[in-house]
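Q: Pasting protein.cif below, which is mmCIF, C-alpha atoms and all ligand atoms.
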data_my_file
#
loop_
_atom_site.label_atom_id
_atom_site.label_comp_id
_atom_site.auth_asym_id
_atom_site.auth_seq_id
_atom_site.Cartn_x
_atom_site.Cartn_y
_atom_site.Cartn_z
CA MET A 26 -12.20 -12.30 13.51
CA LYS A 27 -9.20 -10.49 14.94
CA PHE A 28 -6.12 -9.32 13.01
CA LEU A 29 -2.86 -7.57 13.86
CA VAL A 30 -2.10 -4.66 11.51
CA THR A 31 1.46 -3.31 11.58
CA GLY A 32 1.63 0.24 10.23
CA GLY A 33 -2.06 0.66 11.08
CA ALA A 34 -1.51 4.37 11.80
CA GLY A 35 -0.44 4.98 8.19
CA TYR A 36 -2.43 5.87 5.06
CA ILE A 37 -3.18 2.36 3.88
CA GLY A 38 -3.08 0.53 7.23
CA SER A 39 -5.58 2.91 8.83
CA THR A 40 -7.97 2.53 5.88
CA VAL A 41 -7.73 -1.26 6.12
CA VAL A 42 -8.44 -1.04 9.87
CA SER A 43 -11.63 0.94 9.12
CA ALA A 44 -12.66 -1.57 6.43
CA LEU A 45 -12.04 -4.49 8.80
CA GLU A 46 -14.14 -2.85 11.49
CA ASP A 47 -16.94 -2.02 9.03
CA ALA A 48 -16.96 -5.72 8.05
CA GLY A 49 -17.43 -6.74 11.71
CA HIS A 50 -13.81 -7.71 12.45
CA GLN A 51 -11.41 -6.41 15.10
CA ALA A 52 -8.00 -4.91 14.41
CA VAL A 53 -5.04 -4.54 16.74
CA ILE A 54 -2.60 -1.86 15.55
CA LEU A 55 1.17 -1.97 16.07
CA ASP A 56 2.87 1.21 14.90
CA SER A 57 5.94 3.20 15.98
CA LEU A 58 4.42 6.44 14.58
CA VAL A 59 7.72 7.10 12.78
CA THR A 60 5.58 8.45 9.93
CA GLY A 61 2.07 7.40 10.96
CA ARG A 62 -0.52 9.53 12.72
CA ILE A 63 -1.74 9.12 16.27
CA GLU A 64 -5.04 10.69 15.13
CA PHE A 65 -5.74 7.51 13.10
CA THR A 66 -5.40 5.30 16.20
CA ARG A 67 -8.00 7.08 18.37
CA GLY A 68 -10.62 4.64 19.65
CA LYS A 69 -8.63 1.67 18.31
CA ILE A 70 -6.66 -1.09 20.01
CA PHE A 71 -3.22 0.44 19.60
CA TYR A 72 0.28 -0.62 20.68
CA LEU A 73 3.01 1.99 20.22
CA GLY A 74 6.17 0.13 19.27
CA ASP A 75 8.52 -1.30 16.72
CA ILE A 76 7.77 -4.30 14.50
CA ALA A 77 11.02 -6.02 15.52
CA ASP A 78 10.42 -5.64 19.27
CA ARG A 79 9.92 -9.17 20.59
CA LYS A 80 8.65 -7.89 23.94
CA ILE A 81 5.77 -5.92 22.48
CA LEU A 82 4.81 -8.66 19.99
CA THR A 83 4.79 -11.21 22.83
CA GLN A 84 2.60 -8.85 24.85
CA ILE A 85 0.19 -8.37 21.93
CA PHE A 86 -0.25 -12.12 21.43
CA ALA A 87 -0.64 -12.66 25.19
CA ASP A 88 -3.35 -9.98 25.27
CA HIS A 89 -4.95 -11.19 22.02
CA PRO A 90 -4.39 -14.94 21.60
CA ASP A 91 -7.25 -14.99 19.10
CA ILE A 92 -5.33 -13.03 16.41
CA PHE A 93 -5.98 -15.04 13.25
CA ALA A 94 -3.51 -13.42 10.86
CA VAL A 95 -1.11 -10.48 10.57
CA LEU A 96 -1.16 -7.73 7.97
CA HIS A 97 2.33 -6.25 7.62
CA CYS A 98 1.97 -2.70 6.25
CA ALA A 99 4.69 -1.00 8.32
CA ALA A 100 7.57 0.32 6.24
CA LEU A 101 9.46 3.39 5.15
CA ILE A 102 8.10 4.25 1.71
CA VAL A 103 9.72 7.34 0.16
CA VAL A 104 11.70 6.44 -2.97
CA PRO A 105 14.10 9.45 -3.14
CA GLU A 106 14.78 9.19 0.61
CA SER A 107 15.65 5.51 0.12
CA VAL A 108 18.30 6.55 -2.43
CA GLU A 109 19.86 8.88 0.16
CA LYS A 110 19.44 6.55 3.13
CA PRO A 111 19.73 2.94 1.95
CA TYR A 112 21.09 1.79 5.33
CA GLU A 113 17.93 2.97 7.11
CA TYR A 114 15.63 1.47 4.46
CA TYR A 115 17.30 -1.96 4.47
CA ARG A 116 17.37 -1.95 8.29
CA GLU A 117 13.78 -0.75 8.83
CA ASN A 118 12.13 -2.68 6.02
CA VAL A 119 14.23 -5.77 5.38
CA ALA A 120 16.12 -6.59 8.59
CA LYS A 121 13.18 -5.74 10.85
CA SER A 122 10.63 -7.65 8.75
CA ASN A 123 12.91 -10.70 8.82
CA GLU A 124 13.06 -10.39 12.59
CA MET A 125 9.32 -9.90 12.91
CA PHE A 126 8.42 -12.86 10.70
CA HIS A 127 10.61 -15.06 12.88
CA ILE A 128 9.14 -13.70 16.11
CA LEU A 129 5.65 -14.36 14.69
CA TYR A 130 6.71 -17.94 13.95
CA THR A 131 7.89 -18.43 17.54
CA LEU A 132 4.58 -17.01 18.75
CA GLY A 133 2.66 -19.54 16.66
CA CYS A 134 1.30 -17.07 14.10
CA GLN A 135 1.33 -18.76 10.71
CA ARG A 136 -0.56 -16.40 8.43
CA ILE A 137 0.98 -13.21 7.04
CA VAL A 138 -0.37 -10.78 4.48
CA PHE A 139 2.30 -8.39 3.25
CA SER A 140 2.05 -4.93 1.61
CA SER A 141 4.16 -5.26 -1.50
CA SER A 142 4.38 -3.00 -4.51
CA ALA A 143 4.07 -3.03 -8.29
CA ALA A 144 7.33 -1.03 -8.21
CA ILE A 145 9.20 -4.36 -8.18
CA TYR A 146 8.23 -5.19 -11.80
CA ASP A 147 10.55 -4.76 -14.75
CA LYS A 148 9.46 -2.55 -17.66
CA ALA A 149 6.79 -4.30 -19.70
CA GLU A 150 6.55 -3.70 -23.43
CA ASN A 151 2.74 -3.55 -23.54
CA PHE A 152 2.61 -1.95 -20.03
CA MET A 153 0.54 -4.83 -18.59
CA VAL A 154 2.07 -7.07 -15.92
CA THR A 155 0.97 -10.39 -14.43
CA GLU A 156 2.38 -11.81 -11.20
CA ASP A 157 4.73 -13.91 -13.37
CA SER A 158 6.17 -10.93 -15.25
CA PRO A 159 9.90 -10.34 -14.74
CA LEU A 160 10.93 -8.37 -11.64
CA ALA A 161 13.59 -5.65 -11.66
CA PRO A 162 13.13 -3.20 -8.77
CA ASN A 163 14.98 0.03 -9.57
CA SER A 164 15.37 1.85 -6.24
CA PRO A 165 16.49 0.90 -2.73
CA TYR A 166 12.84 1.22 -1.62
CA SER A 167 11.51 -1.18 -4.25
CA ARG A 168 14.42 -3.53 -3.65
CA THR A 169 13.42 -3.70 0.04
CA LYS A 170 9.91 -4.79 -1.07
CA TYR A 171 11.42 -7.42 -3.39
CA MET A 172 13.67 -8.73 -0.60
CA MET A 173 10.82 -8.78 1.91
CA GLU A 174 8.78 -10.90 -0.52
CA MET A 175 11.69 -13.34 -0.85
CA ILE A 176 12.10 -13.50 2.93
CA LEU A 177 8.38 -14.12 3.39
CA GLN A 178 8.45 -16.87 0.77
CA ASP A 179 11.49 -18.61 2.30
CA THR A 180 10.12 -18.18 5.84
CA SER A 181 6.76 -19.65 4.79
CA ASN A 182 8.44 -22.65 3.16
CA ALA A 183 10.84 -23.35 6.01
CA TYR A 184 8.59 -22.82 9.04
CA ASN A 185 5.26 -24.16 7.83
CA MET A 186 3.80 -20.67 7.54
CA ARG A 187 1.93 -19.04 4.68
CA GLY A 188 2.30 -15.63 3.08
CA ILE A 189 0.31 -13.51 0.67
CA ALA A 190 2.13 -10.56 -0.95
CA LEU A 191 -0.32 -7.95 -2.20
CA ARG A 192 1.37 -5.94 -4.95
CA TYR A 193 -0.31 -2.54 -4.90
CA PHE A 194 -0.42 -0.42 -8.01
CA ASN A 195 -1.15 3.29 -7.39
CA PRO A 196 -3.45 3.89 -4.42
CA ILE A 197 -5.47 7.11 -4.56
CA GLY A 198 -8.35 8.65 -2.63
CA ALA A 199 -9.47 8.47 0.95
CA ASP A 200 -11.83 6.52 3.17
CA PRO A 201 -15.32 7.40 1.84
CA LYS A 202 -16.38 8.11 5.46
CA MET A 203 -13.40 10.50 5.82
CA ARG A 204 -11.82 8.72 8.80
CA SER A 205 -8.40 8.75 7.13
CA GLY A 206 -6.52 9.63 3.97
CA MET A 207 -3.08 10.73 2.83
CA HIS A 208 -1.34 12.33 5.78
CA VAL A 209 2.00 13.64 4.56
CA LYS A 210 2.19 17.42 4.75
CA GLU A 211 3.64 17.84 1.27
CA PRO A 212 2.38 14.97 -0.90
CA SER A 213 4.73 13.64 -3.54
CA HIS A 214 2.09 11.48 -5.24
CA VAL A 215 0.56 12.73 -8.47
CA LEU A 216 -2.98 13.10 -7.11
CA GLY A 217 -1.78 14.84 -3.94
CA LYS A 218 0.00 17.36 -6.15
CA LEU A 219 -3.12 17.88 -8.28
CA VAL A 220 -5.15 18.50 -5.12
CA ASP A 221 -2.51 20.97 -3.88
CA THR A 222 -2.62 22.80 -7.23
CA ALA A 223 -6.43 22.96 -7.11
CA LEU A 224 -6.33 24.26 -3.54
CA GLY A 225 -3.80 26.93 -4.52
CA LYS A 226 -0.94 25.46 -2.48
CA GLN A 227 1.21 25.23 -5.62
CA ASP A 228 0.86 27.34 -8.77
CA ALA A 229 0.99 24.57 -11.40
CA PHE A 230 0.98 20.83 -11.83
CA THR A 231 4.05 19.46 -13.62
CA VAL A 232 3.72 16.49 -15.96
CA THR A 233 7.19 14.94 -15.83
CA GLY A 234 7.94 13.02 -19.03
CA THR A 235 5.87 13.57 -22.17
CA ASN A 236 7.78 11.40 -24.65
CA TRP A 237 7.03 7.94 -23.32
CA PRO A 238 5.77 5.39 -25.87
CA THR A 239 2.21 5.66 -24.50
CA ARG A 240 -0.94 6.87 -26.34
CA ASP A 241 -0.34 10.52 -25.37
CA GLY A 242 3.34 10.48 -24.35
CA SER A 243 2.73 10.85 -20.59
CA GLY A 244 3.41 8.07 -18.07
CA ILE A 245 0.84 5.32 -17.55
CA ARG A 246 -0.35 4.08 -14.14
CA ASP A 247 -3.03 1.90 -12.64
CA TYR A 248 -4.83 4.02 -10.05
CA ILE A 249 -6.71 2.06 -7.43
CA HIS A 250 -9.06 3.59 -4.89
CA VAL A 251 -7.66 3.00 -1.40
CA TRP A 252 -11.10 1.78 -0.28
CA ASP A 253 -11.10 -0.91 -3.00
CA LEU A 254 -7.57 -1.78 -1.92
CA ALA A 255 -8.76 -2.08 1.69
CA GLN A 256 -11.56 -4.47 0.66
CA ALA A 257 -8.99 -6.77 -0.98
CA HIS A 258 -7.16 -6.86 2.37
CA VAL A 259 -10.35 -7.76 4.24
CA LYS A 260 -10.78 -10.71 1.84
CA SER A 261 -7.10 -11.77 2.03
CA LEU A 262 -7.19 -11.76 5.83
CA ALA A 263 -10.63 -13.18 6.57
CA GLU A 264 -10.48 -15.80 3.78
CA PHE A 265 -6.77 -16.48 4.18
CA ASP A 266 -6.99 -20.30 4.20
CA GLN A 267 -9.55 -20.36 1.36
CA VAL A 268 -7.25 -18.23 -0.80
CA PHE A 269 -4.69 -21.04 -0.65
CA GLU A 270 -7.38 -23.72 -1.17
CA ARG A 271 -8.55 -21.91 -4.30
CA THR A 272 -5.12 -22.42 -5.91
CA GLY A 273 -5.86 -26.16 -5.94
CA ASP A 274 -2.23 -26.84 -5.00
CA PRO A 275 -1.63 -27.85 -1.35
CA ASN A 276 2.12 -27.26 -1.72
CA ILE A 277 1.84 -23.52 -2.28
CA ASN A 278 2.88 -21.46 0.77
CA PHE A 279 3.39 -18.07 -0.82
CA ILE A 280 1.19 -16.19 -3.28
CA PRO A 281 1.86 -12.80 -4.86
CA ILE A 282 -1.33 -11.03 -6.00
CA ASN A 283 -1.62 -7.85 -8.07
CA LEU A 284 -4.02 -5.27 -6.68
CA GLY A 285 -4.96 -2.93 -9.48
CA SER A 286 -7.95 -1.99 -11.58
CA GLY A 287 -6.57 -3.66 -14.69
CA LYS A 288 -6.86 -0.35 -16.56
CA GLY A 289 -3.99 1.89 -17.59
CA VAL A 290 -4.55 5.63 -17.21
CA THR A 291 -2.06 8.22 -18.49
CA VAL A 292 -1.10 11.31 -16.50
CA PHE A 293 -2.90 13.56 -19.02
CA GLU A 294 -6.02 11.37 -18.70
CA LEU A 295 -5.78 11.67 -14.91
CA VAL A 296 -5.53 15.47 -15.22
CA ASN A 297 -8.63 15.49 -17.49
CA ALA A 298 -10.56 13.33 -15.01
CA PHE A 299 -9.43 15.64 -12.21
CA GLU A 300 -10.65 18.72 -14.08
CA ARG A 301 -14.04 17.03 -14.74
CA VAL A 302 -14.51 16.24 -11.05
CA TYR A 303 -13.12 19.55 -9.82
CA GLY A 304 -15.06 21.53 -12.41
CA LYS A 305 -12.18 23.87 -13.27
CA LYS A 306 -9.03 23.83 -15.36
CA ILE A 307 -5.70 23.22 -13.65
CA ASN A 308 -2.45 25.03 -14.51
CA ILE A 309 -0.20 22.50 -16.23
CA ARG A 310 3.53 22.58 -16.93
CA THR A 311 5.55 19.89 -18.68
CA ALA A 312 9.09 18.84 -17.85
CA PRO A 313 11.55 16.06 -18.74
CA PRO A 314 11.34 12.85 -16.72
CA ARG A 315 13.02 12.87 -13.28
CA PRO A 316 15.90 10.43 -12.67
CA GLY A 317 14.49 6.95 -12.11
CA ASP A 318 11.08 7.74 -13.68
CA VAL A 319 9.57 4.96 -15.79
CA ALA A 320 6.81 4.87 -18.40
CA GLY A 321 4.78 2.79 -15.95
CA ALA A 322 2.51 -0.24 -15.99
CA TYR A 323 -0.95 -1.50 -15.15
CA ALA A 324 -2.11 -4.71 -13.54
CA ASN A 325 -3.42 -7.88 -14.95
CA ALA A 326 -5.85 -8.40 -12.05
CA ASP A 327 -7.11 -11.90 -12.97
CA ARG A 328 -5.46 -13.63 -10.00
CA ALA A 329 -7.11 -11.29 -7.50
CA LYS A 330 -10.47 -12.07 -9.08
CA LYS A 331 -9.86 -15.83 -8.99
CA LEU A 332 -8.30 -16.18 -5.54
CA LEU A 333 -9.87 -13.30 -3.62
CA GLY A 334 -13.15 -13.00 -5.52
CA TRP A 335 -12.29 -9.31 -5.67
CA GLU A 336 -12.20 -6.62 -8.32
CA THR A 337 -12.32 -2.86 -8.13
CA GLN A 338 -15.74 -1.25 -7.71
CA LEU A 339 -14.84 2.42 -7.52
CA SER A 340 -13.81 4.69 -10.38
CA ILE A 341 -10.87 7.01 -10.76
CA GLU A 342 -13.39 9.88 -10.36
CA ASP A 343 -14.43 8.42 -6.97
CA GLY A 344 -10.76 8.43 -5.98
CA ILE A 345 -10.33 12.04 -7.07
CA ARG A 346 -13.56 13.15 -5.34
CA THR A 347 -12.58 11.60 -1.98
CA ALA A 348 -9.01 12.93 -2.27
CA LEU A 349 -10.39 16.45 -2.80
CA GLU A 350 -12.83 16.09 0.06
CA TRP A 351 -10.07 14.78 2.34
CA GLY A 352 -7.72 17.57 1.18
CA LYS A 353 -10.25 20.13 2.43
CA ILE A 354 -10.82 18.62 5.88
CA ARG A 355 -7.54 16.94 6.72
CA GLU A 356 -6.03 19.96 8.45
CA SER A 357 -8.89 19.88 10.93
CA ILE A 358 -8.11 16.22 11.72
CA LEU A 359 -4.32 16.09 11.52
CA HIS A 360 -2.24 18.41 13.64
CA TRP A 361 1.26 18.95 12.27
CA ASP A 362 3.95 20.57 14.44
N1 LIG A 401 1.17 4.41 -0.66
C1 LIG A 401 1.54 3.80 -1.77
O1 LIG A 401 1.46 4.36 -2.85
C2 LIG A 401 2.05 2.37 -1.71
C3 LIG A 401 2.23 1.68 -2.91
C4 LIG A 401 2.69 0.37 -2.86
C5 LIG A 401 2.98 -0.22 -1.64
N2 LIG A 401 2.81 0.47 -0.48
C6 LIG A 401 3.12 -0.17 0.80
O2 LIG A 401 2.01 -0.05 1.67
C7 LIG A 401 2.46 0.03 3.03
C8 LIG A 401 1.79 1.19 3.70
O3 LIG A 401 2.12 2.38 3.01
P1 LIG A 401 1.44 3.78 3.38
O4 LIG A 401 1.31 4.55 2.12
O5 LIG A 401 0.27 3.57 4.24
O6 LIG A 401 2.65 4.45 4.20
P2 LIG A 401 2.60 5.21 5.61
O7 LIG A 401 3.94 5.86 5.79
O8 LIG A 401 1.38 6.07 5.66
O9 LIG A 401 2.43 4.02 6.64
C9 LIG A 401 3.50 3.23 7.10
C10 LIG A 401 3.29 3.05 8.59
O10 LIG A 401 4.30 2.17 9.11
C11 LIG A 401 4.76 2.68 10.35
N3 LIG A 401 6.12 2.12 10.55
C12 LIG A 401 7.19 2.27 9.74
N4 LIG A 401 8.25 1.60 10.25
C13 LIG A 401 7.82 1.00 11.40
C14 LIG A 401 8.44 0.15 12.36
N5 LIG A 401 9.73 -0.23 12.24
N6 LIG A 401 7.71 -0.31 13.40
C15 LIG A 401 6.40 0.07 13.55
N7 LIG A 401 5.76 0.88 12.66
C16 LIG A 401 6.47 1.33 11.60
C17 LIG A 401 4.71 4.18 10.19
O11 LIG A 401 4.68 4.89 11.41
C18 LIG A 401 3.41 4.35 9.38
O12 LIG A 401 2.29 4.49 10.22
C19 LIG A 401 3.98 0.11 2.96
O13 LIG A 401 4.52 -1.17 3.25
C20 LIG A 401 4.26 0.50 1.54
O14 LIG A 401 5.52 0.03 1.11
C21 LIG A 401 2.34 1.76 -0.49
#
Please go through the file and, once you have read it, give me the structure as C-alpha cells.
A:
Amino acid sequence: MKFLVTGGAGYIGSTVVSALEDAGHQAVILDSLVTGRIEFTRGKIFYLGDIADRKILTQIFADHPDIFAVLHCAALIVVPESVEKPYEYYRENVAKSNEMFHILYTLGCQRIVFSSSAAIYDKAENFMVTEDSPLAPNSPYSRTKYMMEMILQDTSNAYNMRGIALRYFNPIGADPKMRSGMHVKEPSHVLGKLVDTALGKQDAFTVTGTNWPTRDGSGIRDYIHVWDLAQAHVKSLAEFDQVFERTGDPNINFIPINLGSGKGVTVFELVNAFERVYGKKINIRTAPPRPGDVAGAYANADRAKKLLGWETQLSIEDGIRTALEWGKIRESILHWD
C-alpha cells in the first residue's frame, strides 16, 4: 500500500517511513526541511515543499493516485520556542494543517492519521491518563496539537472523512537499523541530554524538579521506543478502515489513541537504566523545576491494544542502547553547517 507522510524527513516521520518500507509498503514524503534532514530522504520518494501548498499536493496525488492514507507528522515542535513565537506556531501548525486537510478533501483523500501529543492532557492525580481524561494543554505548542485534533475531528465529521489522532508519550531511541534518529544538534530531550553527558559533550545531567509527588520526587514519563511507535503507525495506516470497524460504531469519524508503554518511569529510574546500559556512572545535578514543567503522566494503552492490536515490544533499555549507538554515528550521517 502507498501512504503520504508529511514531515517524513523528521525524527519520527523518517522512522515511520523505514517501518512502512520494511513492512512492504511505499511511502511518499512531503517535507519543507524547515527542521528535517535531507539525509533521511535519500533513496525515498521525496517532494520538497510546504504542507499547505495546493500545487504540490495536487502534483503528488496526480503522480500517486494510489495513496491510501496520509500521515501528518509535519509540525514545529519546540515548546520554549512556541512561547516566544506563538504566531509562527499557530500559523505553521494550526492554519496550515487546516488548509492541508481541506486540500486533501478536495483531492479525494479521506483518511488521515495525525501526530498528536500526550502534552495536551491535564494533570492526572494518579499520573495515568486514558483518551477520555481531561485535556488542558499548557503551552502554545501543545495548544496547537489540541486545536489540530479539533480541526481534524470537525473536518472528518463535515466532509465524510476519517481521522486518527495518535497521542505520543515520550519517544526515545533510534531506528534499530540506524537509518535515522534524533537529528537536532543540541537535544533538549532528557535522553538526548543523558547521551550528551555520557559522550562528554556536557559535564553533568540536571534533574529538574525533585519534589514532585512521585515515588522518588522526580518527574514521571512514559518512554516509548520510536521503533514501537513506528509500528503503531504502520498498523494505523494499513488497517485504517479496520480500526474504525473495531470500534463497533459506524458513526465514529475521529479516534484519539494513546501511544505509550503503559508504564511510568521516573527521571531517576531513567538515569539508573541509562547507567546500567552505559556501564558507567553519570554526573548528576539537581535543580528546581523549570517554568511550565509538570510532574508528568503515563498512558493507559488499552485502546491501542484493542483497536490497533498493538502494544510496545521494546524496553527502555533498548531505547537507551539505540540512542547511544545513534549518538556515536550520527555525525557521520548528518552534516550540520
Ligand atoms: N518528538 C517528540 O517527542 C514528539 C512527541 C509528541 C508528538 N510529536 C509530534 O510528532 C511529529 C513529528 O515530530 P518529530 O520529533 O519527528 O519532529 P521533527 O522536527 O524531527 O519533524 C518535523 C518535520 O516536519 C517538517 N515540517 C515542519 N513544518 C512543515 C511544513 N509547514 N511543511 C512541510 N514540512 C514541515 C520538518 O522539516 C521536519 O522534517 C510532530 O507533529 C510532533 O508534534 C513529537
Q: As a ChimeraX atom specification, please: the residues near Ile81 in chain A (cut-off 8 Å, only C-alpha atoms, same-chain neighbours under 5 positions excluded).
A: /A:72,74-75
Q: Just to be explicit: take each residue in the selection above, keep C-alpha atoms, and write the result as a compact mmCIF listing (two decimals), keeping the file's coordinate frame.
A:
# COMPACT_ATOMS: atom_id res chain seq x y z
CA TYR A 72 0.28 -0.62 20.68
CA GLY A 74 6.17 0.13 19.27
CA ASP A 75 8.52 -1.30 16.72
Q: Restricting the calculation to only C-alpha atoms: of A:Ile92, A:Leu177, A:Ala149, A:Ala44, which residue gets closest to Asp253 in chain A?
A: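 When distances to Asp253 in chain A are compared using only C-alpha atoms, the smallest one comes from A:Ala44.
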Q: Please determine, counting only C-alpha atoms and all ligand atoms, which residue among A:Leu333, A:Ala320, A:Leu129, A:Leu191 has the shortest atom-to-atom distance to ligand LIG 401 (chain A).
A: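 With only C-alpha atoms and all ligand atoms as the atom set, the closest residue is A:Leu191.
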Q: For ligand LIG 401 (chain A), list the contacting residues at 8 Å or closer, counting only C-alpha atoms and all ligand atoms, as an mmCIF file with C-alpha atoms, in the coordinates of the input.
A:
data_model
loop_
_atom_site.group_PDB
_atom_site.id
_atom_site.type_symbol
_atom_site.label_atom_id
_atom_site.label_comp_id
_atom_site.auth_asym_id
_atom_site.auth_seq_id
_atom_site.Cartn_x
_atom_site.Cartn_y
_atom_site.Cartn_z
ATOM 1 C CA THR A 31 1.460 -3.310 11.580
ATOM 2 C CA GLY A 32 1.630 0.240 10.230
ATOM 3 C CA GLY A 33 -2.060 0.660 11.080
ATOM 4 C CA ALA A 34 -1.510 4.370 11.800
ATOM 5 C CA GLY A 35 -0.440 4.980 8.190
ATOM 6 C CA TYR A 36 -2.430 5.870 5.060
ATOM 7 C CA ILE A 37 -3.180 2.360 3.880
ATOM 8 C CA GLY A 38 -3.080 0.530 7.230
ATOM 9 C CA SER A 39 -5.580 2.910 8.830
ATOM 10 C CA LEU A 55 1.170 -1.970 16.070
ATOM 11 C CA ASP A 56 2.870 1.210 14.900
ATOM 12 C CA SER A 57 5.940 3.200 15.980
ATOM 13 C CA LEU A 58 4.420 6.440 14.580
ATOM 14 C CA VAL A 59 7.720 7.100 12.780
ATOM 15 C CA THR A 60 5.580 8.450 9.930
ATOM 16 C CA GLY A 61 2.070 7.400 10.960
ATOM 17 C CA ARG A 62 -0.520 9.530 12.720
ATOM 18 C CA LEU A 73 3.010 1.990 20.220
ATOM 19 C CA GLY A 74 6.170 0.130 19.270
ATOM 20 C CA ASP A 75 8.520 -1.300 16.720
ATOM 21 C CA ILE A 76 7.770 -4.300 14.500
ATOM 22 C CA ALA A 77 11.020 -6.020 15.520
ATOM 23 C CA HIS A 97 2.330 -6.250 7.620
ATOM 24 C CA CYS A 98 1.970 -2.700 6.250
ATOM 25 C CA ALA A 99 4.690 -1.000 8.320
ATOM 26 C CA ALA A 100 7.570 0.320 6.240
ATOM 27 C CA LEU A 101 9.460 3.390 5.150
ATOM 28 C CA ILE A 102 8.100 4.250 1.710
ATOM 29 C CA GLU A 117 13.780 -0.750 8.830
ATOM 30 C CA ASN A 118 12.130 -2.680 6.020
ATOM 31 C CA LYS A 121 13.180 -5.740 10.850
ATOM 32 C CA PHE A 139 2.300 -8.390 3.250
ATOM 33 C CA SER A 140 2.050 -4.930 1.610
ATOM 34 C CA SER A 141 4.160 -5.260 -1.500
ATOM 35 C CA SER A 142 4.380 -3.000 -4.510
ATOM 36 C CA ALA A 143 4.070 -3.030 -8.290
ATOM 37 C CA ALA A 144 7.330 -1.030 -8.210
ATOM 38 C CA TYR A 166 12.840 1.220 -1.620
ATOM 39 C CA LYS A 170 9.910 -4.790 -1.070
ATOM 40 C CA ARG A 192 1.370 -5.940 -4.950
ATOM 41 C CA TYR A 193 -0.310 -2.540 -4.900
ATOM 42 C CA PHE A 194 -0.420 -0.420 -8.010
ATOM 43 C CA ASN A 195 -1.150 3.290 -7.390
ATOM 44 C CA PRO A 196 -3.450 3.890 -4.420
ATOM 45 C CA ILE A 197 -5.470 7.110 -4.560
ATOM 46 C CA MET A 207 -3.080 10.730 2.830
ATOM 47 C CA HIS A 208 -1.340 12.330 5.780
ATOM 48 C CA VAL A 209 2.000 13.640 4.560
ATOM 49 C CA HIS A 214 2.090 11.480 -5.240
#
Q: As an exercise, work out the distance from CA of Ala94 in chain A to CA of Arg136 in chain A in Å and give it to one decimal place.
A: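 According to the coordinates, CA of Ala94 in chain A and CA of Arg136 in chain A are separated by 4.8 Å.
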Q: Just save range 196-207 of chain A with N, CA and C atoms, as a PDB file, in the first residue's frame.
A:
ATOM      1  N   PRO A 196       8.781   9.684  23.042  1.00  0.00           N
ATOM      2  CA  PRO A 196       9.573   8.831  22.155  1.00  0.00           C
ATOM      3  C   PRO A 196      11.059   8.909  22.486  1.00  0.00           C
ATOM      4  N   ILE A 197      11.703   7.746  22.510  1.00  0.00           N
ATOM      5  CA  ILE A 197      13.160   7.691  22.724  1.00  0.00           C
ATOM      6  C   ILE A 197      13.760   6.700  21.731  1.00  0.00           C
ATOM      7  N   GLY A 198      15.080   6.732  21.598  1.00  0.00           N
ATOM      8  CA  GLY A 198      15.772   5.719  20.807  1.00  0.00           C
ATOM      9  C   GLY A 198      15.842   6.070  19.334  1.00  0.00           C
ATOM     10  N   ALA A 199      16.334   5.112  18.576  1.00  0.00           N
ATOM     11  CA  ALA A 199      16.559   5.320  17.150  1.00  0.00           C
ATOM     12  C   ALA A 199      16.151   4.053  16.404  1.00  0.00           C
ATOM     13  N   ASP A 200      16.051   4.192  15.086  1.00  0.00           N
ATOM     14  CA  ASP A 200      15.792   3.026  14.244  1.00  0.00           C
ATOM     15  C   ASP A 200      16.839   1.948  14.569  1.00  0.00           C
ATOM     16  N   PRO A 201      16.401   0.718  14.893  1.00  0.00           N
ATOM     17  CA  PRO A 201      17.380  -0.321  15.237  1.00  0.00           C
ATOM     18  C   PRO A 201      18.393  -0.583  14.115  1.00  0.00           C
ATOM     19  N   LYS A 202      18.029  -0.258  12.865  1.00  0.00           N
ATOM     20  CA  LYS A 202      18.994  -0.437  11.762  1.00  0.00           C
ATOM     21  C   LYS A 202      19.809   0.840  11.513  1.00  0.00           C
ATOM     22  N   MET A 203      19.655   1.825  12.391  1.00  0.00           N
ATOM     23  CA  MET A 203      20.457   3.055  12.362  1.00  0.00           C
ATOM     24  C   MET A 203      20.309   3.865  11.068  1.00  0.00           C
ATOM     25  N   ARG A 204      19.085   3.852  10.485  1.00  0.00           N
ATOM     26  CA  ARG A 204      18.856   4.695   9.309  1.00  0.00           C
ATOM     27  C   ARG A 204      18.509   6.119   9.720  1.00  0.00           C
ATOM     28  N   SER A 205      17.970   6.272  10.938  1.00  0.00           N
ATOM     29  CA  SER A 205      17.614   7.617  11.408  1.00  0.00           C
ATOM     30  C   SER A 205      17.516   7.617  12.925  1.00  0.00           C
ATOM     31  N   GLY A 206      17.456   8.822  13.461  1.00  0.00           N
ATOM     32  CA  GLY A 206      17.348   9.000  14.913  1.00  0.00           C
ATOM     33  C   GLY A 206      17.173  10.481  15.181  1.00  0.00           C
ATOM     34  N   MET A 207      17.369  10.883  16.432  1.00  0.00           N
ATOM     35  CA  MET A 207      17.204  12.315  16.745  1.00  0.00           C
ATOM     36  C   MET A 207      18.255  13.115  15.991  1.00  0.00           C
TER      37      MET A 207
END
